[in-house]
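Here the structure is laid out as structure tokens; the discussion comes afterwards.
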Amino acid sequence: MAGIGFELQKVLESEKNYFPKVGVALKSMFITSGPWIISIVTLLLIKFFVKDIIEDRLFLDFMNILIYCFIFSMIISAPFINIITRYLSDTIYEEKFDNIFAIFLSGIIVIGSISFLLSATYISNFTGFEQNTTHIASLFTAFSILWLTMVFISTLRDYNLVTYSFLFGMMLSFFLIFFVLNNSLEELLKGFTIGTLSSICVLIAKLKLDFKSKIVFDFNFLKNPKYIPLFISGFFLYLAMWIDKFIYWFSLKGVELSKGFYFFPDYDFVVFISYLLLIPTTAYFTIYIETVFYEHQRDYFSAIENKKNLSIIKSYEKNLKDAFFKGLIRVSVFQFILSLLFVVSIQYILDDTNTNIASIPLLRITVFAVSLQMILNTLIVFLYYFDYQKEVLSISLVFFLSNLLITLFMKDLPYEYVGYSYFYSVLFTLFVAMLISLYKIERINFYVFSKNEV
Amino acid sequence: MFLSKNKKTVDVCLIVEGSYPYVSGGVASWIHQILNNYPHLTFDIVTLVASDDEEYTLKYEIPKNVNKIHHIYIRKKIKRSIFSPKKFKGFSNIQSFIDKFFSFKEYEKIVLNIQDLSQSKRDKLLQQALYSQEVFDYINNFYENSEFKSKSYLDFFWSLRSIYYSFLNVMVHKIPKAKVYHTISTGYAGLFATMCKIQYPESRLMLTEHGIYTRERKMDITIADWADRNYEAYNPKKSISLYKDIWAQSFKLISKITYRYCDEIISLNHKNNMIQIKEGAKKRKVYFVRNGINIQKFKFRLREKIDPTNIKIGFLGRVVKIKDVKTFIKAAKIVVEQFPSAQFLIAGPTDEDKKYFESCKNLISIFELQNNIKFIGLVKPNEFLEDIDLMILTSLSEGQPLVLSEANASGVPCIATDVGGCKEMLEGGAEDVVGHSGIITKSVNPKQTAQAIIRYIEDEEFYKQCSQNGKQRVDLFYNEEDFLRNYKEIYEKNINLSKAV
């Protein structure tokens, strides 16, 4: 996400005098968590405005498809996005700006074709929506490409355009669904896919304009064996986040809402709600790491590269460590305040609705688990910033295995234990990640100087 | 790869660095000459080369009396293992090991300890020396308590790490057994040679230095620096930058240690003997043996005068920075102003440093000397020398350049820079009172080189005298027979003195 923070800070600073704070916050959230917001807002819009004019069954099918697209596009694209991000950073570092658009196009081809093939295979063979295979696979592919596009957006210098392109895409989806298209699943999918793709197209056009490319494709990100740990950790990290949900889908607690679409509605609902709480903190953390932390990191490496003496390097190292701890503490405090407020207030909100009251304890534990997840994500981003790839890989595997094993052990326990396997797993992984991070961060100098093979 | 022919202790183990049998040149030819002329002796060769990921092709046909060629890769890649080792069992702790390693205290103990280790433990030692926290802390501590503490830590760290990593790569290599170890330089080869002597104290250790290693390395570093910057600013005595200074100091220390363990220290001339003594060699161990050429190969023709309308001046050598071809070109420019038809022929390979070759060609274009200066590639020295009036050597560093003897044997007077043994080869020394067979100039001084050329053209008597003296000098002091007889005696004496079986 090279450069995003500085631009964000500029956006925030330039507009703070005359823009409402809420608008600024929304803008930063768009930049860091765009696809989440698109899905959620569109679903809410449809729920409140369109639901009355379409059948319940149709809305349920559409929502199931959307949630599956959201989850699995993330898991499938994550490993590729990890290596593409790294390759992109290396390319920018080498000042080969001419290659940026070629990398993006190559990424679209790799991620797009894999996403389309996998989703089309699943839909046509294992679900009851085989007649809508092309539309569902297209939506799935658009989501995957959107995740990738978010990486490249950070290299753009026009964040208003990012925000407006998302707003435009959402409005278009809503308009098409509400006014133009017929009341069928196919039309709903079409409307939503066209909206998402139009956002992507605006961003692609902007990228194309900004980065004149001399080459058409650059698939070199697939060829570097050094990126293998990144690929594996990307896959397992996202799989780890969802593996407990998958296990519940196929347990006695799960239901098959439409053929091939398994859910555990109570848990999925609270997970979806809880994950919303990640969006503000992610936006905040992104600004922090790209401004405060990045500046300290740059100063530290500049001191080394500019051949400063050890005492100067050590002073920058200390600032960098302080920035790490400060960032970690701020994210933790911010996230827990947010979670606490949410948990306290949700009881009153839900009391006024017909929502199943039994899900409140589940919501609480999930919200806390997600808060720990945020701290874990923070540590992982810090580790990535120091290029500790193998350490992130280890943490991803610990997370995946612990969530898998604990959930397998707990899946048949009574309802009140649901969510605890995820909580314990995140807690355990966070503990491991914290030990690794503290050990590594404490020895930055040693690892920076000694990691290069001679 | 060469395979061992038998396991019997060989007579002589030659230890060479960056040379025979993969790099051609003066030292490599010298080794080949020795191997071919002593068929009754058996040899092992330990050749130290840069790294294990480069291709090495034989430049010489290996004689039958060579038993085995051992390879030491100075910059062998050492993969970082996932689990870095924490402790080295050979010493009470890694701290005490590196402490002694850096200061060369208990050097013998370190050598014997490493040689006692199994291969896997040697690999572990390398891992630990490169990647362990202890060594990192040690370097920090060393830096903070040194004169370098206000200088670039990055340079310091990498210099120190590269140095001990290279040294350790040499030190973990297994030692072949021989009656006599003969190292052809100090430096890495010298380091390995001292290990041989420590491991097999009953053997004999000889050193033949063609140049003075520490000075050559320092010059390499200075030239590398200077060549990329300001040509006119070249000054071999100028102090060099921090990390280069660390390198230079380390090699100086290695030279001292090599001199200490050697039984006999040979150089090519008296001047270098004096430097060796100054650098720490014991006077009683030091003497010189001149290299020689096969005089029969070179047809002598007494040069009487140079025809100013048909001047042919030769340069015979590799087109590389250390030969300073640009000074030759600049001198040509001055001479051509007075003698427009003068021809300057540069004979020798041009593919070793293509960038430098291109820059030489550019200089010729700038001076518009395309009609006067020609690169004629590889030639047979005897045929080339028959055809020229003068031989020029503008090198920045030399040992005992055979090309001067070859030129003198053909009757060609020379001009050479005051480096290595050149002065002694053209002006004589204590026992050599033959007289001038050439003119000595300062390094990187095209004006002096041009003045010397013009002097030869204008002073016929001096030119003829130099031609005559050159032949006499080679006959008396630089003939191959003497050289081979000397080394035969030295080897046989040392083999007899050696108690190794």
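The way I read the labels, and the way they are meant: chains A, B, ... in the order of the structure tokens, residue 1 as the first residue of every chain, and ligand 1 as the first ligand shown, with later ones counted on from there.
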
Mind listing as a PDB file with N, CA and C atoms, in the first residue's frame which residues of chain B are within 6 Å of chain A, counting only C-alpha atoms?
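To be explicit, this is the file written out as part.pdb:
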ATOM      1  N   TYR B 131      25.689 -15.687  10.683  1.00  0.00           N
ATOM      2  CA  TYR B 131      24.299 -15.340  10.959  1.00  0.00           C
ATOM      3  C   TYR B 131      23.919 -15.301  12.435  1.00  0.00           C
ATOM      4  N   SER B 150      32.943   6.529  14.605  1.00  0.00           N
ATOM      5  CA  SER B 150      32.202   7.674  14.069  1.00  0.00           C
ATOM      6  C   SER B 150      31.997   7.543  12.552  1.00  0.00           C
ATOM      7  N   LYS B 151      32.505   6.435  11.979  1.00  0.00           N
ATOM      8  CA  LYS B 151      32.413   6.243  10.528  1.00  0.00           C
ATOM      9  C   LYS B 151      31.206   5.359  10.175  1.00  0.00           C
ATOM     10  N   SER B 152      31.013   5.175   8.880  1.00  0.00           N
ATOM     11  CA  SER B 152      29.873   4.396   8.396  1.00  0.00           C
ATOM     12  C   SER B 152      29.838   2.984   8.989  1.00  0.00           C
ATOM     13  N   TYR B 153      28.734   2.696   9.667  1.00  0.00           N
ATOM     14  CA  TYR B 153      28.600   1.365  10.257  1.00  0.00           C
ATOM     15  C   TYR B 153      28.370   0.325   9.165  1.00  0.00           C
ATOM     16  N   LEU B 154      27.649   0.720   8.117  1.00  0.00           N
ATOM     17  CA  LEU B 154      27.338  -0.210   7.026  1.00  0.00           C
ATOM     18  C   LEU B 154      28.632  -0.710   6.375  1.00  0.00           C
TER      19      LEU B 154
END

Legend entry - Residues within 12 Å of Val336 in chain B, only C-alpha atoms, excluding chain neighbours under 2 positions, as JSON, numbers by chain: {"B": [308, 309, 310, 311, 312, 313, 329, 330, 331, 332, 333, 334, 338, 339, 340, 341, 342, 343, 344, 367, 368, 369, 370, 371, 372, 373, 450, 451, 453, 454]}

Inset, instruction - For Asp11 in chain B, please output as a PyMOL selection string all residues within 8 Å (counting only C-alpha atoms; exclusion window: fewer than 6 positions along the same chain). - result: chain B and resi 41-43+178-180+495

Inset, instruction - Write down as a ChimeraX atom specification the residues belonging to range 145-333 of chain B that are assigned alpha helix (DSSP H) by DSSP computed on the backbone. - result: /B:153-171,187-199,213-227,242-261,270-278,325-333

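One finds CA of Gly190 in chain B at 27.8 Å from CA of Glu481 in chain B.
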
Legend entry - Best match for closeness to Ile490 in chain B among B:Leu125, B:Leu207, B:Ile376, B:Ala248, counting only C-alpha atoms: B:Leu207

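In terms of minimum interatomic distance to Lys109 in chain B, B:Met195 ranks closest within B:Lys64, B:Val379, B:Leu168, B:Met195, counting only C-alpha atoms.
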
Legend entry - Contacts of Glu442 in chain A at 9 Å (only C-alpha atoms; same-chain gap of 4+ positions) as a PyMOL selection string: chain A and resi 321+437-438

Go ahead and write the residues just picked, N, CA and C atoms, as a short mmCIF file (atom, residue, chain, number, x, y, z; two decimals), in the first residue's frame.
data_model
loop_
_atom_site.label_atom_id
_atom_site.label_comp_id
_atom_site.auth_asym_id
_atom_site.auth_seq_id
_atom_site.Cartn_x
_atom_site.Cartn_y
_atom_site.Cartn_z
N LYS A 321 11.11 1.41 16.79
CA LYS A 321 10.50 0.49 17.76
C LYS A 321 9.37 1.19 18.51
N SER A 437 6.89 -11.24 17.19
CA SER A 437 7.10 -9.83 16.82
C SER A 437 8.03 -9.14 17.82
N LEU A 438 7.76 -9.37 19.09
CA LEU A 438 8.59 -8.70 20.10
C LEU A 438 10.04 -9.13 19.96
#

Legend entry - Exercise: Cys422 in chain B partners within 9 Å, only C-alpha atoms, chain neighbours under 2 positions left out, as a list in words: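 Selected residues are Glu398, Gly399, Gln400, Pro401, Leu404, Ala416, Thr417, Asp418, Val419, Gly420, Glu424, Met425, Leu426, Glu427 and Ile440 of chain B.
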
Inset, instruction - Write out as number ranges by chain each polymer residue whose atoms come within 8 Å of Leu189 in chain A, counting only C-alpha atoms; drop sequence neighbours fewer than 2 positions from it. - result: A: 62, 135-136, 139, 185-187, 191-193

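Taking CA of Ala142 in chain A and CA of Ile75 in chain A as endpoints, the distance between them is 14.2 Å.
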
Inset, instruction - Rank nothing, just name the residue among B:Ala189, B:Ile163, B:Lys321, B:Gly377 nearest to Asp353 in chain B, using only C-alpha atoms. - result: B:Lys321

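Residues in contact range of Gly169 in chain A, defined as at most 7 Å between only C-alpha atoms, with sequence neighbours fewer than 5 positions away removed, read A:Gly195, A:Thr196, A:Ser198, A:Ser199.
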